[in-house]
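**Q** Here you go, model24.txt (compact mmCIF, C-alpha atoms):
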# COMPACT_ATOMS: atom_id res chain seq x y z
CA MET A 1 29.90 -1.32 14.76
CA ASP A 2 29.64 -4.75 13.14
CA LEU A 3 26.26 -6.38 13.44
CA ASP A 4 26.00 -9.54 15.54
CA GLU A 5 25.77 -12.44 13.06
CA SER A 6 22.99 -14.00 15.15
CA LYS A 7 20.80 -11.00 14.37
CA LYS A 8 21.25 -11.30 10.63
CA ILE A 9 18.61 -13.10 8.61
CA THR A 10 19.28 -16.40 6.85
CA LYS A 11 18.83 -17.29 3.17
CA PHE A 12 15.38 -18.68 3.89
CA GLU A 13 14.34 -15.59 5.85
CA THR A 14 15.58 -13.41 3.00
CA PHE A 15 13.49 -15.45 0.58
CA ALA A 16 10.53 -15.11 2.96
CA LEU A 17 10.68 -11.31 2.79
CA ALA A 18 10.78 -11.38 -1.01
CA VAL A 19 7.79 -13.74 -1.25
CA ALA A 20 5.83 -11.70 1.30
CA ALA A 21 6.33 -8.49 -0.67
CA VAL A 22 5.06 -10.14 -3.87
CA ALA A 23 2.18 -11.80 -1.94
CA PRO A 24 1.30 -14.34 -4.65
CA THR A 25 -2.18 -15.20 -3.36
CA GLY A 26 -3.21 -11.58 -2.93
CA SER A 27 -1.62 -10.58 -6.25
CA ILE A 28 -3.46 -13.21 -8.26
CA ALA A 29 -6.69 -12.11 -6.58
CA PHE A 30 -5.99 -8.49 -7.66
CA ASN A 31 -4.56 -8.84 -11.13
CA ALA A 32 -6.03 -11.81 -13.01
CA VAL A 33 -9.50 -10.35 -13.63
CA PRO A 34 -8.37 -7.02 -15.18
CA ALA A 35 -6.17 -9.00 -17.59
CA VAL A 36 -9.11 -11.06 -18.91
CA PRO A 37 -10.77 -8.35 -21.09
CA PHE A 38 -7.47 -8.07 -22.99
CA ALA A 39 -6.02 -11.58 -23.03
CA GLY A 40 -9.23 -13.63 -22.76
CA ILE A 41 -8.51 -17.30 -22.13
CA ASN A 42 -4.82 -16.58 -22.79
CA VAL A 43 -4.38 -14.98 -19.35
CA PRO A 44 -2.06 -17.84 -18.24
CA LEU A 45 0.10 -17.20 -21.30
CA ALA A 46 0.22 -13.48 -20.47
CA PHE A 47 1.40 -14.34 -16.95
CA LEU A 48 4.01 -16.75 -18.33
CA LEU A 49 5.42 -14.11 -20.69
CA GLY A 50 5.28 -11.49 -17.92
CA ALA A 51 7.26 -13.78 -15.62
CA ILE A 52 9.92 -14.28 -18.29
CA GLY A 53 10.09 -10.51 -18.83
CA LEU A 54 10.43 -9.76 -15.11
CA LEU A 55 13.09 -12.45 -14.86
CA PHE A 56 15.26 -10.24 -17.12
CA VAL A 57 14.87 -7.37 -14.66
CA GLY A 58 15.43 -9.70 -11.72
CA ILE A 59 18.68 -10.96 -13.19
CA CYS A 60 19.91 -7.35 -13.36
CA PHE A 61 19.20 -6.87 -9.65
CA ALA A 62 20.77 -10.24 -8.88
CA GLU A 63 23.94 -9.55 -10.85
CA LEU A 64 24.44 -6.17 -9.18
CA SER A 65 23.74 -7.59 -5.71
CA LYS A 66 26.49 -10.18 -6.22
CA HIS A 67 29.07 -7.38 -6.26
CA ILE A 68 27.50 -4.54 -4.22
CA SER A 69 26.14 -4.91 -0.70
CA ASP A 70 25.27 -1.63 0.99
CA VAL A 71 22.23 0.18 2.34
CA GLY A 72 19.86 1.66 -0.20
CA SER A 73 19.25 -1.12 -2.72
CA VAL A 74 19.31 0.40 -6.22
CA TYR A 75 20.79 3.61 -4.77
CA ALA A 76 23.92 1.66 -3.82
CA TYR A 77 24.00 -0.09 -7.20
CA ASN A 78 23.58 2.97 -9.38
CA GLN A 79 25.80 5.14 -7.19
CA GLN A 80 28.64 2.98 -8.48
CA ALA A 81 27.20 2.41 -11.94
CA LEU A 82 25.80 5.83 -12.86
CA GLY A 83 27.31 8.19 -10.29
CA GLU A 84 25.99 9.79 -7.11
CA ARG A 85 23.34 11.97 -8.78
CA LEU A 86 21.57 9.16 -10.66
CA GLY A 87 22.18 6.83 -7.74
CA LEU A 88 20.22 9.24 -5.58
CA VAL A 89 17.48 9.51 -8.22
CA SER A 90 17.21 5.71 -8.24
CA GLY A 91 17.01 5.38 -4.45
CA TRP A 92 14.80 8.45 -4.02
CA THR A 93 12.31 7.12 -6.59
CA LEU A 94 12.35 3.65 -5.06
CA THR A 95 11.50 5.16 -1.68
CA PHE A 96 8.53 6.96 -3.26
CA ALA A 97 7.44 3.70 -4.91
CA TYR A 98 7.50 1.76 -1.64
CA VAL A 99 5.62 4.44 0.30
CA ASN A 100 2.84 4.47 -2.30
CA LEU A 101 2.74 0.69 -2.64
CA ALA A 102 2.55 0.36 1.16
CA VAL A 103 -0.45 2.71 1.21
CA SER A 104 -2.08 0.77 -1.64
CA CYS A 105 -1.49 -2.58 0.10
CA MET A 106 -3.07 -1.19 3.26
CA GLY A 107 -6.10 -0.13 1.22
CA ALA A 108 -6.42 -3.56 -0.40
CA ASN A 109 -6.00 -5.35 2.93
CA THR A 110 -8.66 -3.09 4.49
CA ASN A 111 -11.10 -3.90 1.71
CA PHE A 112 -10.50 -7.65 1.99
CA ALA A 113 -10.88 -7.51 5.76
CA HIS A 114 -14.16 -5.61 5.48
CA VAL A 115 -15.57 -8.16 3.01
CA PHE A 116 -14.41 -11.12 5.09
CA PHE A 117 -15.85 -9.85 8.36
CA ALA A 118 -19.08 -8.77 6.67
CA GLN A 119 -19.63 -12.36 5.57
CA LEU A 120 -19.29 -13.38 9.21
CA GLY A 121 -21.90 -10.81 10.19
CA PHE A 122 -19.56 -8.10 11.47
CA ASN A 123 -19.71 -4.64 9.90
CA PHE A 124 -16.55 -2.93 11.15
CA ASN A 125 -15.69 0.61 10.11
CA ASN A 126 -13.06 0.69 7.34
CA THR A 127 -10.98 3.34 9.09
CA ILE A 128 -10.77 1.25 12.25
CA ILE A 129 -9.77 -1.80 10.18
CA ALA A 130 -7.10 0.18 8.32
CA PHE A 131 -5.53 1.50 11.52
CA VAL A 132 -5.57 -1.93 13.19
CA ILE A 133 -3.77 -3.35 10.13
CA LEU A 134 -1.28 -0.48 10.11
CA LEU A 135 -0.55 -0.67 13.83
CA GLY A 136 -0.23 -4.46 13.71
CA ALA A 137 2.23 -4.32 10.81
CA ALA A 138 4.26 -1.54 12.46
CA LEU A 139 4.58 -3.53 15.69
CA VAL A 140 5.74 -6.67 13.86
CA LEU A 141 8.30 -4.64 11.92
CA THR A 142 9.51 -2.89 15.07
CA PHE A 143 10.54 -6.17 16.65
CA GLY A 144 13.05 -6.97 13.94
CA LEU A 145 13.66 -8.68 10.63
CA LYS A 146 13.51 -12.21 11.99
CA LEU A 147 9.98 -11.78 13.36
CA THR A 148 8.94 -9.94 10.19
CA SER A 149 10.26 -12.63 7.83
CA LYS A 150 8.93 -15.56 9.87
CA SER A 151 5.51 -13.98 10.26
CA ALA A 152 5.33 -13.07 6.60
CA ILE A 153 6.31 -16.49 5.25
CA ALA A 154 3.97 -18.33 7.62
CA ILE A 155 1.09 -16.10 6.49
CA GLU A 156 1.80 -16.49 2.78
CA PHE A 157 2.43 -20.24 2.83
CA LEU A 158 -0.87 -20.77 4.66
CA ALA A 159 -2.64 -18.69 2.00
CA ILE A 160 -0.93 -20.63 -0.79
CA ALA A 161 -1.85 -23.96 0.80
CA ILE A 162 -5.52 -22.95 0.81
CA LEU A 163 -5.36 -21.94 -2.84
CA VAL A 164 -3.61 -25.22 -3.72
CA VAL A 165 -6.56 -27.15 -2.28
CA LEU A 166 -8.99 -25.26 -4.51
CA THR A 167 -6.72 -25.78 -7.52
CA ILE A 168 -6.54 -29.55 -6.98
CA ILE A 169 -10.33 -29.78 -6.63
CA ILE A 170 -10.94 -27.82 -9.84
CA PHE A 171 -8.43 -29.87 -11.82
CA ALA A 172 -9.79 -33.13 -10.36
CA LYS A 173 -13.31 -32.17 -11.46
CA GLY A 174 -12.05 -31.25 -14.92
CA GLY A 175 -13.04 -27.62 -14.68
CA ARG A 176 -16.27 -26.35 -16.17
CA ASP A 177 -15.55 -27.13 -19.82
CA GLY A 178 -12.72 -29.62 -19.43
CA ILE A 179 -8.94 -29.34 -19.10
CA SER A 180 -7.29 -27.96 -22.23
CA ALA A 181 -4.00 -26.52 -23.46
CA GLN A 182 -5.92 -23.86 -25.38
CA PRO A 183 -5.14 -21.06 -22.86
CA PHE A 184 -1.47 -21.41 -23.83
CA VAL A 185 -2.11 -21.27 -27.60
CA PRO A 186 -2.41 -17.70 -28.87
CA THR A 187 -4.64 -16.83 -31.77
CA HIS A 188 -3.89 -14.06 -34.27
CA SER A 189 -6.60 -11.87 -32.77
CA SER A 190 -5.31 -12.35 -29.21
CA VAL A 191 -1.66 -11.39 -29.75
CA SER A 192 -2.04 -7.70 -28.91
CA GLY A 193 -4.39 -8.54 -26.04
CA ILE A 194 -1.80 -10.86 -24.54
CA GLY A 195 0.65 -7.95 -24.57
CA GLN A 196 -1.84 -5.80 -22.66
CA GLY A 197 -2.53 -8.65 -20.27
CA MET A 198 1.20 -8.84 -19.54
CA VAL A 199 0.93 -5.42 -17.91
CA PHE A 200 -1.09 -6.90 -15.06
CA ALA A 201 1.22 -9.90 -14.88
CA ILE A 202 4.26 -7.65 -14.50
CA LEU A 203 2.51 -5.60 -11.81
CA SER A 204 1.96 -8.78 -9.81
CA PHE A 205 5.72 -9.14 -9.27
CA CYS A 206 6.33 -5.69 -7.81
CA GLY A 207 8.25 -6.10 -4.54
CA PHE A 208 10.53 -8.99 -5.51
CA GLU A 209 13.52 -6.61 -5.22
CA GLY A 210 12.59 -5.60 -1.66
CA VAL A 211 15.23 -7.92 -0.17
CA THR A 212 17.97 -5.73 -1.64
CA THR A 213 17.04 -3.08 0.94
CA VAL A 214 18.14 -5.36 3.81
CA ALA A 215 21.35 -6.69 2.24
CA VAL A 216 23.61 -5.46 5.06
CA ARG A 217 21.35 -7.24 7.57
CA THR A 218 21.62 -10.56 5.74
CA LYS A 219 24.06 -13.41 6.24
CA ASN A 220 26.31 -13.76 3.17
CA PRO A 221 24.29 -11.12 1.25
CA LYS A 222 26.19 -11.43 -2.02
CA ARG A 223 24.86 -14.96 -2.27
CA SER A 224 21.60 -14.85 -0.30
CA VAL A 225 20.11 -11.74 -1.93
CA PRO A 226 20.59 -12.68 -5.62
CA LEU A 227 19.44 -16.23 -4.92
CA SER A 228 16.30 -14.97 -3.17
CA ILE A 229 15.49 -12.64 -6.07
CA ILE A 230 15.74 -15.32 -8.75
CA VAL A 231 14.02 -18.06 -6.72
CA THR A 232 11.17 -15.67 -5.82
CA ILE A 233 10.53 -14.70 -9.44
CA ILE A 234 10.60 -18.32 -10.60
CA PHE A 235 8.42 -19.50 -7.69
CA ALA A 236 5.93 -16.66 -8.13
CA GLY A 237 5.93 -17.11 -11.91
CA ILE A 238 5.02 -20.79 -11.66
CA PHE A 239 2.39 -19.98 -9.05
CA PHE A 240 0.82 -17.20 -11.15
CA VAL A 241 0.67 -19.34 -14.30
CA ILE A 242 -0.95 -22.30 -12.50
CA ALA A 243 -3.35 -20.10 -10.50
CA SER A 244 -4.45 -18.10 -13.56
CA TYR A 245 -4.90 -21.31 -15.58
CA MET A 246 -6.95 -22.76 -12.71
CA GLN A 247 -9.25 -19.74 -12.85
CA VAL A 248 -9.68 -19.95 -16.62
CA VAL A 249 -10.63 -23.65 -16.61
CA GLY A 250 -12.58 -23.18 -13.38
CA PHE A 251 -14.91 -20.64 -14.96
CA GLY A 252 -14.69 -22.55 -18.25
CA ILE A 253 -12.93 -21.86 -21.53
CA ASN A 254 -16.33 -21.23 -23.11
CA HIS A 255 -17.46 -19.00 -20.23
CA VAL A 256 -14.53 -16.58 -19.95
CA SER A 257 -16.96 -13.66 -19.70
CA ASP A 258 -17.99 -14.98 -16.27
CA PHE A 259 -14.35 -14.70 -15.23
CA ALA A 260 -14.08 -11.18 -16.65
CA HIS A 261 -17.14 -9.97 -14.72
CA SER A 262 -16.29 -11.60 -11.40
CA SER A 263 -15.62 -9.16 -8.57
CA SER A 264 -13.96 -11.91 -6.52
CA PRO A 265 -13.01 -14.86 -8.75
CA LEU A 266 -11.41 -17.03 -6.08
CA ASN A 267 -14.47 -16.60 -3.88
CA ASP A 268 -16.80 -17.43 -6.79
CA LEU A 269 -14.80 -20.52 -7.73
CA SER A 270 -14.78 -21.70 -4.13
CA LEU A 271 -18.57 -21.39 -4.04
CA MET A 272 -18.93 -23.21 -7.38
CA TYR A 273 -16.71 -26.16 -6.54
CA MET A 274 -16.66 -26.50 -2.74
CA GLY A 275 -19.45 -24.40 -1.24
CA ARG A 276 -19.68 -21.47 1.16
CA PRO A 277 -17.28 -22.79 3.85
CA MET A 278 -14.45 -22.98 1.32
CA ALA A 279 -15.36 -19.51 0.02
CA LEU A 280 -14.91 -18.13 3.54
CA ILE A 281 -11.60 -19.95 3.90
CA MET A 282 -10.44 -18.57 0.54
CA ASP A 283 -11.42 -15.04 1.56
CA PHE A 284 -9.37 -15.56 4.70
CA ALA A 285 -6.40 -16.71 2.58
CA ILE A 286 -6.58 -13.55 0.47
CA LEU A 287 -6.91 -11.44 3.61
CA ILE A 288 -3.79 -12.85 5.29
CA SER A 289 -1.80 -12.79 2.05
CA SER A 290 -2.56 -9.11 1.57
CA PHE A 291 -1.49 -8.46 5.17
CA GLY A 292 1.79 -10.24 4.40
CA SER A 293 2.20 -7.86 1.48
CA VAL A 294 1.72 -4.89 3.84
CA LEU A 295 4.52 -6.32 6.00
CA GLY A 296 6.88 -6.92 3.07
CA ILE A 297 6.40 -3.58 1.36
CA MET A 298 6.45 -1.57 4.60
CA ASN A 299 9.69 -3.31 5.58
CA ALA A 300 11.31 -2.38 2.26
CA GLY A 301 9.99 1.19 2.51
CA ALA A 302 11.25 1.65 6.05
CA TYR A 303 14.71 0.41 5.10
CA MET A 304 14.83 2.81 2.14
CA ILE A 305 13.89 5.74 4.43
CA TYR A 306 16.61 4.54 6.79
CA ALA A 307 19.12 4.38 3.91
CA MET A 308 18.26 7.91 2.77
CA GLY A 309 18.84 9.02 6.36
CA VAL A 310 22.19 7.23 6.51
CA LYS A 311 23.25 8.96 3.28
CA LYS A 312 21.94 12.29 4.66
CA TYR A 313 19.37 12.87 1.94
CA LEU A 314 16.76 12.72 4.69
CA PRO A 315 17.36 13.93 8.27
CA ARG A 316 20.05 11.85 9.99
CA TYR A 317 17.52 11.15 12.74
CA PHE A 318 15.95 8.54 10.45
CA GLY A 319 19.33 6.98 9.67
CA LYS A 320 19.66 5.58 13.18
CA PHE A 321 19.26 1.83 13.66
CA ASN A 322 17.88 0.32 16.86
CA GLU A 323 20.38 -2.47 17.51
CA LYS A 324 18.45 -3.74 20.51
CA LEU A 325 15.28 -4.36 18.52
CA ASN A 326 17.23 -5.06 15.29
CA SER A 327 15.10 -2.66 13.26
CA PRO A 328 15.11 0.93 11.94
CA THR A 329 12.36 1.91 14.38
CA ARG A 330 12.41 5.63 13.58
CA SER A 331 11.94 4.97 9.87
CA ILE A 332 9.24 2.40 10.53
CA TRP A 333 7.17 4.83 12.57
CA LEU A 334 7.73 7.69 10.13
CA LEU A 335 6.35 5.46 7.38
CA THR A 336 3.48 4.46 9.66
CA VAL A 337 2.57 8.11 10.24
CA ILE A 338 2.76 8.87 6.50
CA MET A 339 0.45 5.94 5.74
CA ALA A 340 -1.98 6.97 8.46
CA VAL A 341 -2.15 10.54 7.16
CA ALA A 342 -2.60 9.30 3.60
CA TYR A 343 -5.51 7.12 4.66
CA LEU A 344 -7.13 9.93 6.63
CA ILE A 345 -6.88 12.30 3.65
CA PHE A 346 -7.85 9.90 0.85
CA GLY A 347 -9.12 6.65 2.35
CA VAL A 348 -11.70 8.05 4.76
CA PRO A 349 -13.64 10.15 2.23
CA TYR A 350 -13.20 7.89 -0.83
CA GLY A 351 -12.78 4.36 0.55
CA PRO A 352 -10.03 1.74 0.58
CA GLU A 353 -10.56 0.66 -3.05
CA VAL A 354 -9.92 4.18 -4.32
CA ILE A 355 -6.79 4.59 -2.24
CA TYR A 356 -5.56 1.21 -3.50
CA ASP A 357 -6.15 2.08 -7.17
CA ASN A 358 -4.52 5.51 -7.03
CA SER A 359 -1.59 4.71 -4.74
CA SER A 360 -0.73 1.56 -6.70
CA THR A 361 -0.65 3.55 -9.95
CA LEU A 362 1.80 6.03 -8.44
CA GLY A 363 3.84 3.18 -7.00
CA VAL A 364 3.97 1.24 -10.24
CA LEU A 365 5.01 4.26 -12.32
CA SER A 366 7.83 4.89 -9.85
CA MET A 367 8.83 1.22 -9.75
CA LEU A 368 8.95 0.88 -13.53
CA THR A 369 11.29 3.89 -13.58
CA VAL A 370 13.52 2.23 -10.99
CA TYR A 371 13.54 -1.08 -12.86
CA GLY A 372 14.64 0.72 -16.03
CA LEU A 373 17.43 2.53 -14.17
CA ALA A 374 18.59 -0.79 -12.68
CA CYS A 375 18.82 -2.32 -16.17
CA VAL A 376 20.84 0.66 -17.44
CA GLY A 377 23.00 0.52 -14.33
CA THR A 378 23.78 -3.15 -14.95
CA ILE A 379 25.10 -2.44 -18.42
CA LEU A 380 27.29 0.46 -17.30
CA TYR A 381 28.53 -1.12 -14.04
CA PHE A 382 29.93 -4.18 -15.73
CA HIS A 383 31.31 -2.08 -18.58
CA LYS A 384 33.17 0.13 -16.07
CA HIS A 385 34.59 -2.91 -14.28
CA ARG A 386 35.27 -5.03 -17.34
CA ASP A 387 38.99 -5.21 -16.44
CA THR A 388 38.35 -6.64 -12.96
CA ILE A 389 35.02 -8.48 -13.34
CA LYS A 390 34.40 -11.05 -16.03
CA ARG A 391 31.67 -9.60 -18.22
CA SER A 392 29.00 -11.74 -19.85
CA PHE A 393 27.35 -10.52 -23.04
CA ILE A 394 24.15 -12.39 -22.19
CA LYS A 395 23.81 -11.40 -18.52
CA HIS A 396 25.31 -7.91 -18.62
CA ILE A 397 24.22 -6.58 -22.02
CA LEU A 398 21.51 -8.66 -23.72
CA ILE A 399 19.35 -9.36 -20.66
CA PRO A 400 19.36 -5.72 -19.40
CA VAL A 401 18.38 -4.55 -22.90
CA LEU A 402 15.55 -7.09 -22.99
CA GLY A 403 14.52 -5.95 -19.51
CA ILE A 404 14.28 -2.35 -20.70
CA LEU A 405 12.21 -3.40 -23.73
CA VAL A 406 9.84 -5.39 -21.52
CA LEU A 407 9.28 -2.33 -19.31
CA VAL A 408 8.43 0.00 -22.21
CA TYR A 409 4.95 -1.43 -22.79
CA PRO A 410 3.56 -1.28 -19.23
CA MET A 411 5.06 2.19 -18.82
CA TRP A 412 3.44 3.37 -22.07
CA THR A 413 0.04 1.95 -21.13
CA ASN A 414 0.15 3.96 -17.91
CA LEU A 415 0.76 7.12 -19.94
CA TYR A 416 -1.36 6.65 -23.08
CA PRO A 417 -4.24 6.87 -23.67
CA ILE A 418 -4.09 9.71 -21.17
CA PRO A 419 -5.90 8.54 -18.02
CA ASP A 420 -8.83 10.41 -16.54
CA PHE A 421 -8.26 12.84 -13.65
CA PRO A 422 -6.48 12.38 -11.28
CA GLY A 423 -4.56 9.62 -13.07
CA ASN A 424 -3.38 12.08 -15.72
CA LEU A 425 -1.41 13.93 -13.02
CA TYR A 426 0.49 10.94 -11.66
CA PRO A 427 3.36 10.93 -14.16
CA TYR A 428 3.96 14.57 -13.25
CA ALA A 429 3.87 13.65 -9.54
CA VAL A 430 6.67 11.13 -10.12
CA ILE A 431 8.65 13.70 -12.12
CA LEU A 432 8.11 16.29 -9.37
CA TRP A 433 9.38 13.83 -6.77
CA ILE A 434 12.51 13.22 -8.84
CA ILE A 435 13.07 16.98 -9.19
CA ILE A 436 12.77 17.35 -5.41
CA GLY A 437 15.40 14.63 -5.07
CA LEU A 438 17.73 16.48 -7.43
CA VAL A 439 17.26 19.65 -5.39
CA VAL A 440 18.11 17.73 -2.21
CA TYR A 441 21.19 16.36 -3.97
CA ALA A 442 22.29 19.85 -5.02
CA ILE A 443 21.82 21.23 -1.47
CA LYS A 444 23.82 18.37 0.03
CA LYS A 445 26.60 18.80 -2.53
CA ARG A 446 26.81 22.57 -1.88
CA ARG A 447 26.99 22.05 1.87
CA LYS A 448 29.75 19.48 1.39
CA GLU A 449 31.73 21.93 -0.77
CA ASP A 450 31.30 24.72 1.79
Could you take the file, read its structure, and then write that structure out as structure tokens?

**A**
Amino acid sequence: MDLDESKKITKFETFALAVAAVAPTGSIAFNAVPAVPFAGINVPLAFLLGAIGLLFVGICFAELSKHISDVGSVYAYNQQALGERLGLVSGWTLTFAYVNLAVSCMGANTNFAHVFFAQLGFNFNNTIIAFVILLGAALVLTFGLKLTSKSAIAIEFLAIAILVVLTIIIFAKGGRDGISAQPFVPTHSSVSGIGQGMVFAILSFCGFEGVTTVAVRTKNPKRSVPLSIIVTIIFAGIFFVIASYMQVVGFGINHVSDFAHSSSPLNDLSLMYMGRPMALIMDFAILISSFGSVLGIMNAGAYMIYAMGVKKYLPRYFGKFNEKLNSPTRSIWLLTVIMAVAYLIFGVPYGPEVIYDNSSTLGVLSMLTVYGLACVGTILYFHKHRDTIKRSFIKHILIPVLGILVLVYPMWTNLYPIPDFPGNLYPYAVILWIIIGLVVYAIKKRRKED
């Protein structure tokens, strides 16, 4: 049955989902500080180089989405590029990435909510906060893509507007030690540190590809999806560079250690330059941005579960779409249950910060694997179709190779030096998940042959 065009999302709504999944305000609140010990005042340069590197990967997704529009995102792409087996590995791993990233986003949002309400004098239990967030996100998702995208973009743009105000004030006051181009000028001693700082910059972009999961629910997907991917990366890249530069000059080029030791840099800067009321407003901006990220990542995860159900790698029950509500309700609530169980097992005894740290590591390892497979798939897809599709050396060979090279460093830093327990087990968890996927593939293939 063809979907009613009125229920499909527009270009802007597609872009809204991509931006929500990246959650620029929340991401810069998470990832700037851990980059400082490595990159120092060159954090903005690390984010600039990270944005350029992720643009290579984004172009691969965009080029494939121009020619392939089916459920399953990178599963659909690599099914045609690398065959059914590696297509399944790609989609199966992406599903695992989204489930873990959704859990991590819930943990981060819970932590931000607890801090925000505590400053207002309310000491709510973290578990209650987490389940309110989870239920709220699930209900928004249940009532369709249009509500999800509109809610997400309204939330994120409000958060960005608040951060823009702080940025203007800091620049207008000349920062702590003056405005300088020095953060964009690397020194010999900072070169390797900038590379390590890029790891956190690259992690900030995770989720930009989430719109590929809803391609069949998008108007003119072969134009809307690739455009949303590229515009999101460029928009987020500019935002991250400006916001990280604002934090460096805000704390002061000669006081970068204050930045490195800040537990909440945007809150601290708000207090320094505009007082406690602005600090509360900034905490609210981070809170709503992180909730937007929960929406965006959960949406992508639910659609991947739905796609795996459609392709019969998960029970067909989850491959049913609720046309009335315009959402994969069964997949949404399965993901909601998984997230709830994960929080009960890990979040309740160890806290939201721990569940964020560990789930995000698992998610990132999985996502880096998927990004690499997408780059390889781009090369092989356009090679296979070179007689029918005009192939570009730059877009279909050079850029995918550069994308793979960019991914090597963050992947390596997640593997070596070997992390402490339980982080040392996470690469094996990803490998185990892939093996399970291959077993599922083999069972499905045998049943088909019988």

**Q** Choose the residue, out of A:Ala81, A:Ala62, A:Leu203, A:Val214, that has the smallest atom-to-atom separation from Ala32 of chain A; count all atoms listed in the file.

**A**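 Nearest to Ala32 of chain A: A:Leu203.
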
**Q** Please determine, counting only C-alpha atoms, which residue among A:Met272, A:Val225, A:Val370, A:Cys60 has the shortest atom-to-atom distance to Phe15 of chain A.

**A**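 When distances to Phe15 of chain A are compared using only C-alpha atoms, the smallest one comes from A:Val225.
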
**Q** Can you pull out the residues contacting segment 82-86 of chain A? Cut-off 12 Å, using all atoms listed in the file, and skip same-chain residues under 2 positions away; I want them as JSON, numbers by chain.

**A** {"A": [74, 75, 76, 77, 78, 79, 80, 88, 89, 90, 91, 92, 93, 311, 313, 369, 370, 373, 374, 375, 376, 377, 378, 379, 380, 381, 382, 383, 384, 434, 435, 437, 438, 439, 440, 441, 442, 443, 444, 445]}

**Q** Considering all atoms listed in the file, can you say which of A:Leu101, A:Leu325, A:Met278, A:Ile194 comes closest to Gly301 of chain A?

**A** A:Leu101

**Q** Skip segment 174-191 of chain A itself and residues of its chain fewer than 5 positions away, then list as a list of chain:residue names all residues within 7 Å of it, counting all atoms listed in the file.

**A**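 What passes the distance filter is A:Ala39, A:Ile41, A:Asn42, A:Pro44, A:Leu45, A:Val249, A:Gly250, A:Phe251, A:Gly252, A:Ile253, A:Asn254.
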
**Q** In Å, how far is it from atom CA of Leu145 of chain A to atom CA of Ala23 of chain A?

**A**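 So the two atoms, atom CA of Leu145 of chain A and atom CA of Ala23 of chain A, lie 17.3 Å apart.
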
**Q** How many Å separate atom CA of Lys146 of chain A from atom CA of Leu17 of chain A?

**A**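 Between these atoms lies a distance of 9.7 Å.
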
**Q** Interatomic distance between atom CA of His396 of chain A and atom CA of Gly372 of chain A?

**A** 14.0 Å

**Q** I'd like the neighbourhood of segment 399-413 of chain A as a ChimeraX atom specification, where a residue qualifies if any of its atoms comes within 6 Å (using all atoms listed in the file), though same-chain residues fewer than 5 positions away should be ignored.

**A** /A:53,56-57,199,372,375,394

**Q** Can you tell me, as a ChimeraX atom specification, which residues sit within 8 Å of (18.0, 5.2, 11.3) in the file's frame, using all atoms listed in the file?

**A** /A:306-307,309-310,316-322,328-331

**Q** Between A:Phe235, A:Phe393, A:Phe117, A:Phe143, which one has atoms that come closest to Lys7 of chain A, using all atoms listed in the file?

**A**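 Checking each candidate against Lys7 of chain A, we get A:Phe143 as the closest.
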
**Q** List every protein, DNA or RNA residue that has at least one atom no more than 9 Å from (-10.6, -7.4, -16.6) in the file's coordinates, counting all atoms listed in the file, and write the result as a VMD selection string.

**A** chain A and resid 31 to 40 197 259 to 262

**Q** Nearest residue to Phe239 of chain A out of A:Glu209, A:Val164, A:Ser73, A:Ala154, using all atoms listed in the file?

**A**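 For Phe239 of chain A, the nearest of the candidates is A:Val164.
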
**Q** Between A:Val22, A:Leu398, A:Ser270, A:Met298, single out the one closest to Leu335 of chain A, counting all atoms listed in the file.

**A**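 Looking at the shortest contact to Leu335 of chain A, the residue is A:Met298.
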
**Q** Pull out segment 136-144 of chain A, keep N, CA and C atoms, and write it as a PDB file, in the first residue's frame.

**A**
ATOM      1  N   GLY A 136       7.794  10.034  27.943  1.00  0.00           N
ATOM      2  CA  GLY A 136       7.484  11.221  27.150  1.00  0.00           C
ATOM      3  C   GLY A 136       7.969  11.090  25.724  1.00  0.00           C
ATOM      4  N   ALA A 137       9.213  10.611  25.549  1.00  0.00           N
ATOM      5  CA  ALA A 137       9.773  10.434  24.203  1.00  0.00           C
ATOM      6  C   ALA A 137       8.986   9.383  23.429  1.00  0.00           C
ATOM      7  N   ALA A 138       8.646   8.270  24.094  1.00  0.00           N
ATOM      8  CA  ALA A 138       7.905   7.195  23.418  1.00  0.00           C
ATOM      9  C   ALA A 138       6.547   7.671  22.943  1.00  0.00           C
ATOM     10  N   LEU A 139       5.884   8.494  23.738  1.00  0.00           N
ATOM     11  CA  LEU A 139       4.562   9.002  23.353  1.00  0.00           C
ATOM     12  C   LEU A 139       4.660   9.953  22.161  1.00  0.00           C
ATOM     13  N   VAL A 140       5.669  10.817  22.166  1.00  0.00           N
ATOM     14  CA  VAL A 140       5.866  11.724  21.015  1.00  0.00           C
ATOM     15  C   VAL A 140       6.119  10.912  19.757  1.00  0.00           C
ATOM     16  N   LEU A 141       6.995   9.924  19.853  1.00  0.00           N
ATOM     17  CA  LEU A 141       7.323   9.084  18.694  1.00  0.00           C
ATOM     18  C   LEU A 141       6.108   8.310  18.198  1.00  0.00           C
ATOM     19  N   THR A 142       5.278   7.857  19.122  1.00  0.00           N
ATOM     20  CA  THR A 142       4.108   7.053  18.755  1.00  0.00           C
ATOM     21  C   THR A 142       3.153   7.825  17.855  1.00  0.00           C
ATOM     22  N   PHE A 143       3.069   9.130  18.069  1.00  0.00           N
ATOM     23  CA  PHE A 143       2.119   9.920  17.297  1.00  0.00           C
ATOM     24  C   PHE A 143       2.713  10.480  16.003  1.00  0.00           C
ATOM     25  N   GLY A 144       3.731   9.797  15.477  1.00  0.00           N
ATOM     26  CA  GLY A 144       4.148  10.022  14.110  1.00  0.00           C
ATOM     27  C   GLY A 144       5.353  10.912  13.896  1.00  0.00           C
TER      28      GLY A 144
END
